[in-house]
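Structure file run-v7.txt (compact mmCIF, C-alpha atoms and all ligand atoms) is printed below.
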# COMPACT_ATOMS: atom_id res chain seq x y z
CA MET A 1470 110.48 80.60 141.33
CA ASN A 1471 107.10 82.06 142.30
CA ASP A 1472 107.46 85.43 144.06
CA VAL A 1473 105.20 84.77 147.02
CA THR A 1474 106.96 81.53 147.88
CA THR A 1475 110.31 83.20 147.45
CA GLN A 1476 109.41 85.91 149.93
CA SER A 1477 108.04 83.59 152.57
CA ARG A 1478 110.98 81.22 152.20
CA ARG A 1479 113.35 84.09 152.54
CA LYS A 1480 111.72 85.20 155.78
CA PHE A 1481 111.70 81.68 157.08
CA LEU A 1482 115.39 81.29 156.32
CA LYS A 1483 116.25 84.54 158.06
CA LYS A 1484 114.43 83.43 161.19
CA ALA A 1485 115.96 79.98 161.22
CA ALA A 1486 119.50 81.48 161.06
CA LEU A 1487 120.79 78.42 159.32
CA GLY A 1488 124.38 79.41 159.86
CA SER A 1489 124.07 77.91 163.32
CA ALA A 1490 123.55 74.48 161.78
CA PHE A 1491 127.29 74.50 161.08
CA ALA A 1492 128.43 75.77 164.48
CA GLY A 1493 130.42 73.64 166.90
CA GLY A 1494 130.45 69.84 166.81
CA ALA A 1495 127.29 69.39 168.84
CA PHE A 1496 125.98 66.43 166.93
CA SER A 1497 127.04 62.81 166.80
CA LEU A 1498 127.86 60.71 163.79
CA PRO A 1499 126.03 57.42 163.31
CA VAL A 1500 127.80 54.38 164.84
CA LEU A 1501 128.46 51.63 162.33
CA THR A 1502 127.51 48.15 163.52
CA HIS A 1503 127.08 46.28 160.25
CA SER A 1504 130.22 44.17 160.50
CA GLU A 1505 128.92 42.58 163.72
CA GLU A 1506 125.59 41.75 162.14
CA LEU A 1507 127.29 40.03 159.23
CA GLY A 1508 129.16 37.78 161.61
CA PHE A 1509 132.43 38.32 159.77
CA PRO A 1510 134.60 36.29 159.39
CA GLU A 1511 132.83 32.96 160.29
CA ASN A 1512 130.25 33.38 157.54
CA LEU A 1513 132.84 34.16 154.89
CA PRO A 1514 131.17 33.41 151.54
CA GLU A 1515 132.60 30.56 149.49
CA SER A 1516 133.63 33.02 146.75
CA MET A 1517 136.08 34.61 149.17
CA ARG A 1518 137.91 31.36 149.98
CA VAL A 1519 139.00 30.62 146.39
CA PRO A 1520 141.57 32.67 144.49
CA GLY A 1521 140.21 35.78 142.83
CA ALA A 1522 140.70 37.08 139.31
CA ASP A 1523 144.07 37.01 137.62
CA PHE A 1524 146.72 39.69 137.44
CA SER A 1525 146.25 42.25 134.74
CA ASN A 1526 148.73 44.24 132.68
CA TYR A 1527 146.85 47.45 133.08
CA GLY A 1528 144.23 47.90 135.79
CA GLN A 1529 140.69 49.06 135.17
CA PRO A 1530 138.06 50.41 137.57
CA SER A 1531 135.69 47.90 139.18
CA GLU A 1532 132.85 46.74 136.95
CA HIS A 1533 130.56 48.26 139.58
CA GLU A 1534 131.88 51.71 138.74
CA GLN A 1535 130.93 51.68 135.08
CA GLY A 1536 128.59 54.61 135.59
CA VAL A 1537 131.54 56.87 136.38
CA ILE A 1538 132.20 58.27 132.95
CA ARG A 1539 133.10 61.35 130.97
CA TRP A 1540 129.90 62.63 129.42
CA ILE A 1541 130.44 63.32 125.74
CA SER A 1542 128.89 66.34 124.02
CA ALA A 1543 130.18 66.13 120.48
CA ASN A 1544 128.98 68.06 117.47
CA PRO A 1545 127.61 65.56 114.94
CA ALA A 1546 127.91 68.15 112.17
CA ALA A 1547 131.64 68.56 112.80
CA PRO A 1548 133.22 65.21 113.63
CA GLY A 1549 136.08 65.50 116.10
CA ASN A 1550 134.80 68.79 117.50
CA GLY A 1551 133.33 68.65 120.97
CA VAL A 1552 133.99 67.98 124.62
CA SER A 1553 133.74 65.27 127.23
CA TRP A 1554 133.11 66.26 130.84
CA THR A 1555 134.85 65.07 134.01
CA PRO A 1556 132.27 63.57 136.42
CA LEU A 1557 133.28 65.83 139.32
CA HIS A 1558 130.22 64.64 141.26
CA ASP A 1559 131.56 61.05 141.36
CA LEU A 1560 135.12 61.83 142.44
CA GLN A 1561 136.84 62.57 145.75
CA GLY A 1562 140.16 64.12 146.66
CA THR A 1563 141.72 66.44 144.11
CA ILE A 1564 143.42 64.37 141.41
CA THR A 1565 141.50 63.58 138.24
CA PRO A 1566 142.20 60.01 137.08
CA ASN A 1567 143.68 60.04 133.58
CA GLY A 1568 140.79 58.18 131.99
CA LEU A 1569 138.42 60.85 133.32
CA HIS A 1570 140.38 64.02 132.48
CA TYR A 1571 138.00 66.20 130.48
CA GLU A 1572 138.62 66.47 126.74
CA ARG A 1573 138.26 69.34 124.31
CA HIS A 1574 139.23 68.64 120.75
CA HIS A 1575 138.72 70.88 117.75
CA ASN A 1576 139.41 68.10 115.30
CA GLY A 1577 139.67 64.78 117.08
CA VAL A 1578 142.63 62.96 118.62
CA PRO A 1579 145.52 62.59 116.18
CA GLU A 1580 147.43 59.34 116.03
CA ILE A 1581 151.04 60.27 116.66
CA ASP A 1582 154.05 58.00 116.54
CA PRO A 1583 156.28 59.33 119.34
CA ALA A 1584 159.37 58.18 117.45
CA LYS A 1585 158.50 60.54 114.60
CA HIS A 1586 157.10 63.51 116.49
CA ILE A 1587 159.23 66.63 116.60
CA LEU A 1588 158.86 69.95 118.40
CA LEU A 1589 160.36 72.93 116.56
CA ILE A 1590 161.33 76.15 118.34
CA ASP A 1591 161.95 78.93 115.82
CA GLY A 1592 161.16 82.56 114.95
CA MET A 1593 162.97 85.25 116.96
CA VAL A 1594 165.64 82.96 118.37
CA ASP A 1595 169.40 82.83 117.86
CA LYS A 1596 169.27 79.25 116.61
CA PRO A 1597 166.11 77.29 115.75
CA LEU A 1598 166.04 73.96 117.59
CA SER A 1599 164.09 70.77 117.18
CA PHE A 1600 163.49 68.20 119.88
CA ASP A 1601 162.23 64.65 119.69
CA VAL A 1602 160.82 62.78 122.67
CA LYS A 1603 164.03 60.89 123.23
CA SER A 1604 166.12 64.03 123.55
CA LEU A 1605 163.56 65.69 125.84
CA MET A 1606 163.73 62.72 128.20
CA ARG A 1607 167.33 63.69 128.98
CA TYR A 1608 166.40 67.12 130.34
CA PRO A 1609 165.78 67.78 134.02
CA MET A 1610 162.07 67.43 134.67
CA VAL A 1611 159.73 69.03 137.15
CA SER A 1612 156.35 67.85 138.41
CA ARG A 1613 153.53 70.20 139.09
CA THR A 1614 149.96 69.58 140.15
CA CYS A 1615 147.56 72.06 138.60
CA PHE A 1616 144.13 72.32 137.07
CA ILE A 1617 143.42 72.88 133.41
CA GLU A 1618 140.07 74.55 132.71
CA CYS A 1619 138.41 75.34 129.40
CA GLY A 1620 137.43 79.00 129.02
CA GLY A 1621 133.98 77.72 128.07
CA ASN A 1622 133.51 75.71 131.27
CA SER A 1623 130.23 76.41 133.15
CA ASN A 1624 128.99 78.57 130.29
CA SER A 1625 125.43 77.29 130.71
CA GLY A 1626 125.44 79.69 133.68
CA TRP A 1627 124.95 82.55 131.23
CA ARG A 1628 121.55 81.14 130.22
CA SER A 1629 118.49 82.77 131.71
CA ASN A 1630 117.29 79.50 133.27
CA PRO A 1631 119.48 77.29 135.43
CA ILE A 1632 120.18 73.98 133.72
CA GLN A 1633 119.52 70.81 135.66
CA SER A 1634 122.71 68.84 135.00
CA LYS A 1635 124.94 67.05 137.46
CA VAL A 1636 127.91 69.17 138.59
CA GLY A 1637 130.44 67.48 136.36
CA TYR A 1638 128.24 67.68 133.30
CA ALA A 1639 127.84 71.45 133.67
CA HIS A 1640 131.17 72.39 135.27
CA GLY A 1641 133.48 69.47 134.45
CA LEU A 1642 135.52 71.07 131.68
CA VAL A 1643 138.14 71.32 134.37
CA SER A 1644 140.45 68.62 135.73
CA ASN A 1645 143.44 68.51 138.02
CA ALA A 1646 146.53 66.39 137.40
CA GLU A 1647 150.18 66.11 138.25
CA TRP A 1648 152.03 67.03 135.06
CA SER A 1649 155.71 66.18 134.65
CA GLY A 1650 158.00 67.47 131.98
CA VAL A 1651 160.65 69.96 131.01
CA PRO A 1652 160.38 73.62 132.09
CA LEU A 1653 159.84 75.58 128.87
CA LYS A 1654 162.34 78.24 129.92
CA LEU A 1655 165.19 75.72 129.62
CA LEU A 1656 164.36 74.99 125.99
CA LEU A 1657 163.72 78.63 125.05
CA LYS A 1658 166.95 79.79 126.64
CA GLU A 1659 168.83 77.10 124.81
CA ALA A 1660 167.45 78.41 121.52
CA GLY A 1661 168.48 81.96 122.56
CA ILE A 1662 165.64 84.47 122.91
CA ARG A 1663 166.09 87.65 120.82
CA PRO A 1664 165.48 90.85 122.82
CA ASP A 1665 162.44 91.94 120.77
CA ALA A 1666 160.56 88.63 121.14
CA LYS A 1667 157.36 89.16 123.17
CA TRP A 1668 154.98 86.41 122.07
CA VAL A 1669 155.12 82.73 121.25
CA ILE A 1670 152.77 81.21 118.69
CA ALA A 1671 152.11 77.60 119.68
CA GLU A 1672 150.81 75.04 117.22
CA GLY A 1673 149.46 71.51 117.69
CA ALA A 1674 149.89 68.56 115.36
CA ASP A 1675 146.16 67.76 115.16
CA GLY A 1676 143.96 68.28 112.12
CA SER A 1677 142.79 71.68 113.33
CA SER A 1678 146.40 72.96 113.36
CA LEU A 1679 145.33 74.98 116.34
CA ASN A 1680 147.58 77.93 116.85
CA ILE A 1681 147.44 80.39 119.66
CA SER A 1682 149.52 83.33 120.94
CA ILE A 1683 151.03 83.15 124.39
CA PRO A 1684 152.99 85.95 126.11
CA LEU A 1685 156.65 84.89 126.28
CA GLU A 1686 156.69 85.88 129.97
CA LYS A 1687 154.39 83.01 130.92
CA LEU A 1688 156.56 80.47 129.14
CA LEU A 1689 159.60 81.82 131.00
CA ASP A 1690 157.70 81.66 134.28
CA ASP A 1691 156.05 78.33 135.18
CA ALA A 1692 155.12 76.68 131.85
CA ILE A 1693 155.95 73.01 131.34
CA LEU A 1694 156.41 70.95 128.23
CA ALA A 1695 154.60 67.99 129.76
CA LEU A 1696 155.35 64.40 128.85
CA TYR A 1697 153.70 62.70 131.85
CA GLN A 1698 150.25 62.95 133.40
CA ASN A 1699 149.76 61.55 136.90
CA GLY A 1700 152.92 59.52 136.61
CA GLU A 1701 152.32 57.85 133.25
CA ARG A 1702 152.88 59.15 129.75
CA ILE A 1703 150.22 61.61 128.67
CA ARG A 1704 147.09 59.99 127.28
CA PRO A 1705 146.50 60.41 123.52
CA GLU A 1706 143.39 62.51 124.14
CA ASN A 1707 145.29 64.88 126.42
CA GLY A 1708 148.16 65.57 124.04
CA TYR A 1709 150.43 62.53 123.64
CA PRO A 1710 153.36 62.64 123.31
CA MET A 1711 153.77 66.24 124.57
CA ARG A 1712 151.68 69.25 125.46
CA LEU A 1713 151.99 72.70 126.94
CA VAL A 1714 150.85 73.11 130.52
CA LEU A 1715 150.41 76.72 131.60
CA PRO A 1716 149.31 76.56 135.25
CA GLY A 1717 146.19 78.64 135.91
CA TRP A 1718 145.76 79.80 132.31
CA GLU A 1719 142.79 79.10 130.07
CA GLY A 1720 142.56 75.61 128.53
CA ILE A 1721 143.01 76.68 124.91
CA LEU A 1722 146.55 77.91 125.66
CA ASN A 1723 147.58 74.45 126.89
CA VAL A 1724 148.28 73.26 123.36
CA LYS A 1725 148.19 69.49 122.94
CA TRP A 1726 150.30 67.42 120.53
CA LEU A 1727 152.60 70.45 120.50
CA ARG A 1728 154.75 70.64 117.37
CA GLN A 1729 155.88 74.25 117.09
CA LEU A 1730 156.71 77.29 119.19
CA ARG A 1731 157.45 80.37 117.10
CA LEU A 1732 158.78 83.46 118.89
CA THR A 1733 157.41 86.76 117.55
CA ASP A 1734 157.02 90.40 118.55
CA GLN A 1735 153.21 90.37 118.18
CA PRO A 1736 150.29 87.97 118.56
CA ALA A 1737 149.11 85.96 115.56
CA MET A 1738 145.46 87.14 115.84
CA SER A 1739 144.36 83.62 114.98
CA ARG A 1740 140.77 82.37 114.98
CA ASP A 1741 140.92 81.11 118.55
CA GLU A 1742 141.95 84.46 119.97
CA THR A 1743 139.67 86.72 117.92
CA SER A 1744 136.36 85.14 116.90
CA GLN A 1745 136.66 82.62 119.76
CA TYR A 1746 137.76 82.90 123.39
CA THR A 1747 137.01 86.62 123.47
CA GLU A 1748 134.09 88.10 125.40
CA LEU A 1749 131.61 90.72 124.37
CA MET A 1750 131.23 93.27 127.18
CA PRO A 1751 128.11 95.28 128.09
CA ASP A 1752 129.50 98.35 126.24
CA GLY A 1753 129.92 96.42 122.99
CA THR A 1754 133.70 96.11 123.13
CA ALA A 1755 135.32 92.69 123.46
CA ARG A 1756 137.70 91.38 126.09
CA GLN A 1757 140.60 89.60 124.47
CA PHE A 1758 143.56 87.65 125.87
CA THR A 1759 141.76 86.80 129.09
CA PHE A 1760 144.33 84.25 130.05
CA ILE A 1761 143.69 83.61 133.73
CA ASN A 1762 140.94 81.39 135.09
CA GLU A 1763 139.71 83.29 138.13
CA ALA A 1764 138.71 81.80 141.49
CA LYS A 1765 135.81 79.44 141.47
CA SER A 1766 134.25 76.75 143.66
CA LEU A 1767 131.53 74.13 143.55
CA ILE A 1768 129.81 71.97 146.11
CA THR A 1769 130.14 68.50 144.61
CA SER A 1770 128.25 66.77 147.42
CA PRO A 1771 125.42 67.13 148.07
CA SER A 1772 124.60 68.30 144.57
CA LEU A 1773 122.03 67.87 141.84
CA GLY A 1774 121.23 64.25 141.07
CA MET A 1775 121.71 63.23 144.71
CA MET A 1776 119.13 63.33 147.51
CA LEU A 1777 119.26 63.96 151.24
CA PRO A 1778 117.72 60.73 152.48
CA ASP A 1779 117.87 61.25 156.27
CA ASN A 1780 115.57 63.89 157.60
CA PRO A 1781 116.98 65.12 159.93
CA GLY A 1782 120.56 64.12 159.27
CA VAL A 1783 124.19 65.12 159.24
CA TYR A 1784 125.71 65.60 155.79
CA GLN A 1785 129.31 66.20 154.85
CA ILE A 1786 129.34 69.11 152.47
CA SER A 1787 132.30 68.63 150.15
CA GLY A 1788 133.53 70.41 147.09
CA LEU A 1789 136.34 71.86 145.03
CA ALA A 1790 137.84 75.32 144.78
CA TRP A 1791 140.59 76.60 142.49
CA SER A 1792 142.12 79.82 141.22
CA GLY A 1793 144.40 80.59 138.31
CA ARG A 1794 145.95 83.41 140.37
CA GLY A 1795 147.38 81.25 143.13
CA LYS A 1796 146.37 79.38 146.25
CA ILE A 1797 142.87 79.19 147.63
CA THR A 1798 142.89 80.80 151.08
CA ARG A 1799 139.26 80.51 152.07
CA VAL A 1800 136.01 78.79 151.15
CA GLU A 1801 132.78 79.82 152.82
CA ILE A 1802 129.51 77.91 152.80
CA SER A 1803 126.02 79.32 153.05
CA ALA A 1804 122.83 77.33 153.58
CA ASP A 1805 120.53 80.33 153.36
CA GLY A 1806 121.21 81.60 149.87
CA GLY A 1807 124.08 83.87 150.85
CA ASP A 1808 122.68 85.67 153.93
CA THR A 1809 125.10 84.02 156.35
CA TRP A 1810 128.41 82.27 155.70
CA VAL A 1811 130.59 79.80 157.61
CA ASP A 1812 134.19 78.88 156.81
CA ALA A 1813 134.73 75.39 155.43
CA GLU A 1814 137.82 73.36 156.23
CA LEU A 1815 140.41 73.27 153.46
CA GLN A 1816 142.03 69.87 153.03
CA GLY A 1817 145.79 70.19 152.73
CA PRO A 1818 148.17 70.48 151.17
CA VAL A 1819 146.69 73.55 149.50
CA LEU A 1820 148.58 73.91 146.22
CA ASP A 1821 149.08 76.89 143.95
CA LYS A 1822 146.70 76.93 140.94
CA ALA A 1823 145.36 73.50 141.81
CA PHE A 1824 142.14 71.93 143.06
CA THR A 1825 141.60 72.37 146.78
CA ARG A 1826 139.05 70.12 148.45
CA PHE A 1827 136.90 71.75 151.12
CA CYS A 1828 134.47 70.18 153.55
CA LEU A 1829 132.05 71.05 156.33
CA PRO A 1830 129.58 68.93 158.29
CA TRP A 1831 126.02 70.22 158.01
CA LYS A 1832 123.06 69.29 160.15
CA TRP A 1833 119.92 69.34 158.05
CA GLN A 1834 116.56 69.29 159.80
CA GLY A 1835 114.35 69.05 156.76
CA GLU A 1836 114.14 72.77 156.13
CA TYR A 1837 114.24 74.50 152.75
CA ALA A 1838 117.81 75.58 152.09
CA ILE A 1839 120.03 77.01 149.39
CA LEU A 1840 123.59 75.72 149.59
CA GLN A 1841 126.39 77.81 148.12
CA SER A 1842 130.17 77.94 148.28
CA ARG A 1843 132.33 81.04 147.79
CA SER A 1844 136.09 80.91 147.34
CA THR A 1845 138.79 83.51 147.96
CA ASP A 1846 142.35 83.27 146.66
CA GLU A 1847 145.65 84.58 147.97
CA THR A 1848 145.37 87.78 145.93
CA GLY A 1849 142.16 88.60 147.85
CA TYR A 1850 139.96 87.94 144.82
CA VAL A 1851 136.52 86.72 145.95
CA GLN A 1852 134.35 84.55 143.71
CA PRO A 1853 131.40 86.73 142.60
CA ASP A 1854 127.72 85.89 142.86
CA ARG A 1855 125.86 85.63 139.57
CA GLU A 1856 124.31 89.07 139.88
CA THR A 1857 127.73 90.72 140.30
CA LEU A 1858 129.24 88.72 137.45
CA ILE A 1859 126.44 89.78 135.11
CA LYS A 1860 126.66 93.39 136.28
CA ASN A 1861 130.35 93.46 135.37
CA ARG A 1862 130.32 91.38 132.26
CA GLY A 1863 126.84 91.75 130.77
CA LYS A 1864 124.24 89.09 130.00
CA HIS A 1865 125.69 87.76 126.81
CA GLY A 1866 128.86 86.20 128.03
CA PHE A 1867 130.08 82.83 126.86
CA PHE A 1868 133.51 82.33 128.43
CA HIS A 1869 134.92 82.61 131.95
CA TYR A 1870 131.77 82.00 133.96
CA ASN A 1871 132.88 81.66 137.58
CA ALA A 1872 129.84 82.73 139.61
CA ILE A 1873 128.72 81.08 142.84
CA VAL A 1874 126.64 77.94 142.19
CA SER A 1875 123.44 77.46 144.22
CA TRP A 1876 121.80 74.14 145.10
CA GLU A 1877 118.23 74.35 146.30
CA ILE A 1878 117.37 71.72 148.94
CA THR A 1879 113.62 71.15 149.21
CA GLU A 1880 111.88 70.03 152.41
CA GLU A 1881 111.73 66.55 150.84
CA GLY A 1882 115.50 66.47 150.33
CA ASP A 1883 115.42 66.93 146.55
CA ILE A 1884 118.21 69.02 145.03
CA ASN A 1885 117.75 71.53 142.20
CA HIS A 1886 120.01 74.01 140.51
CA VAL A 1887 118.78 77.59 141.09
CA TYR A 1888 120.22 81.04 140.55
CA GLY A 1889 119.42 82.19 144.11
CA TYR A 1890 116.51 84.36 145.20
CA ASP A 1891 116.68 87.72 143.62
CA PHE A 1892 117.96 87.25 140.11
N1 LIG B 1901 146.31 70.92 119.50
C1 LIG B 1901 145.24 71.18 120.23
N2 LIG B 1901 145.42 71.66 121.48
C2 LIG B 1901 144.37 71.95 122.25
C3 LIG B 1901 143.05 71.80 121.76
C4 LIG B 1901 142.87 71.27 120.46
O1 LIG B 1901 141.75 71.06 119.96
N3 LIG B 1901 144.00 70.99 119.71
N4 LIG B 1901 142.00 72.18 122.57
C5 LIG B 1901 142.32 73.20 123.57
C6 LIG B 1901 141.25 73.47 124.48
S1 LIG B 1901 140.04 74.52 123.94
C7 LIG B 1901 141.27 73.01 125.76
S2 LIG B 1901 140.07 73.48 126.85
C8 LIG B 1901 142.32 72.09 126.24
C9 LIG B 1901 141.71 70.78 126.71
O2 LIG B 1901 142.69 69.91 127.19
P1 LIG B 1901 142.30 68.41 127.52
O3 LIG B 1901 141.54 67.86 126.35
O4 LIG B 1901 143.56 67.69 127.82
O5 LIG B 1901 141.42 68.49 128.74
O6 LIG B 1901 143.25 71.78 125.24
C10 LIG B 1901 143.57 72.83 124.37
N5 LIG B 1901 144.61 72.40 123.49
MO MO B 1902 138.78 75.16 125.76
If you convert what's in this file into structure tokens, what do you get?
Ligand SMILES: Nc1nc2c(c(=O)[nH]1)N[C@H]1C(S)=C(S)[C@@H](COP(=O)(O)O)O[C@H]1N2
Ligand SMILES: [Mo]
Amino acid sequence: MNDVTTQSRRKFLKKAALGSAFAGGAFSLPVLTHSEELGFPENLPESMRVPGADFSNYGQPSEHEQGVIRWISANPAAPGNGVSWTPLHDLQGTITPNGLHYERHHNGVPEIDPAKHILLIDGMVDKPLSFDVKSLMRYPMVSRTCFIECGGNSNSGWRSNPIQSKVGYAHGLVSNAEWSGVPLKLLLKEAGIRPDAKWVIAEGADGSSLNISIPLEKLLDDAILALYQNGERIRPENGYPMRLVLPGWEGILNVKWLRQLRLTDQPAMSRDETSQYTELMPDGTARQFTFINEAKSLITSPSLGMMLPDNPGVYQISGLAWSGRGKITRVEISADGGDTWVDAELQGPVLDKAFTRFCLPWKWQGEYAILQSRSTDETGYVQPDRETLIKNRGKHGFFHYNAIVSWEITEEGDINHVYGYDF
């Protein structure tokens, strides 16, 4: 952004004290009169008097919703390696439909016959155990709604220029589902944990034989061996027939197509915890074993790719917040690039380590604005702005980007992604 314009806009915003645009409920919502104009039901179209389409064995979204898709960014040089993004900008509420849960595969989706798949628990245990799906189905199950987020989500934020992608296609390597399955602690205790066991090396049955080290503590806390996703059996791309779900912990640890858990006294130091999923810090050392996804939030509407058509008009600001440390306790919204903040409403129930939807009506009078959201979790952690994140972590980060996202609203109602004013 040009400096002179930045300065004058900044002054203008200060004067306009945009925070007041949120205050009170002193504006009225438009009254809907369309049903009267249509003359419903006398003018019912012929197509509505005859029977509609047949029953179906498995429902699909309306043909009018075909644009609501996971955006695929795959690596043509390495088939099976890539991601597909959840279209967060097209969704409401907090649950990600199974067909739209983001995907991250290192070597494609394996075809697994559930009748032949076995999970082995071995290493530092009293007796190694193996479980097939049928035997697992007899264990007591729990259900838990939580997000899973790739450590590489939002990493375009580290670039020096803000990318102009829709929210989901820049930040949608995160999804939120109700996972049902067997608490891992039941299975580990049954195998008998030796006193010196500290780590568990988890391995998937896909071609990449992904293996990753997980502190035993987490598996004894709230980890689930999930068999169901939003009520139905896990989708092949999300780990069918079974996967690890570690609420609040980085995506890579949520091993899909899980086939082995080996208890050890030290981490494996595998590729995905040394050369990958570690972060170079400003002093040249690397952060490793950064398990937790820290608090984050995004305004999903209005957001890039949309427009503000009514000038002036009332808009419902809506978005998502989540934290791997616990519950979201607060989301604040700014329309002036972070000078003033107003609390958004959190839609309940607010769940631990899960998406929380926030909303706030905003009266826009055609002025230049920068919309931002900032989340706080129950530990008191506050989502940082980009400047603070870079100060703490350096400029060359790749993983764990959780800075405040800024949408620039022009006087014409166009929306752009910006990094704010001063950085
Ligand atoms: N076996 C196996 N597990 C895996 C992966 C993989 O490639 N193979 N990818 C990991 C990564 S990096 C992420 S972010 C999550 C993605 O889970 P999802 O595809 O269900 O969204 O799975 C993790 N578990
Ligand atoms: Mo990931």
(message) Taking 4 positions as the minimum chain separation for residues in the same chain, which residues sit within 7 Å of region 1831-1839 of chain A when counting all atoms listed in the file? Answer as a list in words.
(response)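 Final neighbour list, sorted by chain and number: Ala1490, Phe1491, Asn1780, Pro1781, Gly1782, Val1783, Tyr1784, Gln1785, Ile1786, Ala1804, Asp1805, Gly1806, Ser1875, Trp1876, Glu1877, Ile1878, Thr1879, Glu1880 and Glu1881 of chain A.
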(message) Measuring between all atoms listed in the file, which one of A:Gly1620, A:Pro1583, A:Gly1521, A:Pro1736 shows the shortest distance to Ala1674 (chain A)?
(response)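 Ranked by minimum distance to Ala1674 (chain A), first place goes to A:Pro1583.
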(request) Grab the CA of Gly1650 (chain A) to CA of Leu1588 (chain A) distance for me, in Å with one decimal place. (result)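 Atom-to-atom, CA of Gly1650 (chain A) to CA of Leu1588 (chain A), that is 13.8 Å.
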(request) For ligand MO 1902 (chain B), list the contacting residues at 12 Å or closer, counting all atoms listed in the file, as a ChimeraX atom specification. (result) /A:1550-1554,1571-1575,1617-1624,1641-1643,1679,1681,1718-1725,1741-1742,1745-1747,1760,1762,1867-1869
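Of note, CA of Leu1688 (chain A) and CA of Leu1820 (chain A) are spaced 20.0 Å apart.
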(message) Counting only C-alpha atoms and all ligand atoms, which residue out of A:Leu1815, A:Met1776, A:Ala1872, A:Leu1715 sits closest to ligand LIG 1901 (chain B)?
(response)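 Nearest candidate to ligand LIG 1901 (chain B) out of A:Leu1815, A:Met1776, A:Ala1872, A:Leu1715: A:Leu1715.
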With 6 Å of padding per side, what axis-aligned box (centre and edge lengths, Å, one decimal) covers all the listed atoms of ligand LIG 1901 (chain B)? Give it as AutoDock Vina command-line options.
--center_x 143.2 --center_y 71.1 --center_z 124.1 --size_x 18.3 --size_y 18.8 --size_z 21.2
(request) Please provide the set of residues having any atom within 9 Å of Thr1848 (chain A), restricted to all atoms listed in the file, with same-chain residues fewer than 5 positions apart removed, written as a VMD selection string. (result) chain A and resid 1794 to 1796
(message) List the spatial neighbours of region 1652-1665 of chain A as a list in words - criterion: any atom at most 6 Å away, all atoms listed in the file, same-chain residues fewer than 6 positions off excluded.
(response) Met1593, Val1594, Asp1595, Lys1596, Leu1688, Leu1689, Ala1692, Ile1693 and Leu1694 of chain A
(message) So, with all atoms listed in the file as the atoms that count, which of A:Ser1739, A:Arg1731, A:Gln1841, A:Asn1576 lies closest to Asn1680 (chain A)?
(response) A:Ser1739
(request) Just give me the gap between CA of Asp1854 (chain A) and CA of Ser1644 (chain A) in Å, one decimal is fine. (result)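 Separation between CA of Asp1854 (chain A) and CA of Ser1644 (chain A): 22.6 Å.
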(message) Counting all atoms listed in the file, which residue out of A:Ser1677, A:Trp1540, A:Val1651, A:Ile1683 sits closest to Arg1607 (chain A)?
(response) A:Val1651
(request) Considering all atoms listed in the file, state which residue in the set A:Lys1585, A:Lys1635, A:Lys1765, A:Arg1826 is at the smallest distance from Asn1871 (chain A). (result)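 Distance minimum relative to Asn1871 (chain A) lands on A:Lys1765.
Residues within 7 Å of region 1699-1701 of chain A, counting all atoms listed in the file and excluding same-chain residues fewer than 3 positions away, are Ala1646, Glu1647 and Trp1648 of chain A.
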(request) Using all atoms listed in the file, find the one residue out of A:His1886, A:His1586, A:Arg1518, A:Arg1855 that sits nearest to Gly1708 (chain A). (result)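 Among A:His1886, A:His1586, A:Arg1518, A:Arg1855, it is A:His1586 that comes nearest to Gly1708 (chain A).
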(request) List every protein, DNA or RNA residue that has at least one atom no more than 9 Å from (112.5, 60.1, 149.4) in the file's coordinates, counting all atoms listed in the file, and write the result as a list of chain:residue names. (result) A:Met1776, A:Leu1777, A:Pro1778, A:Asp1779, A:Glu1881, A:Gly1882, A:Asp1883
(request) For region 1535-1537 of chain A, work out the shell of residues within 10 Å, counting only C-alpha atoms and skipping chain neighbours fewer than 6 positions away, then give it as a PyMOL selection string. (result) chain A and resi 1555-1560+1569
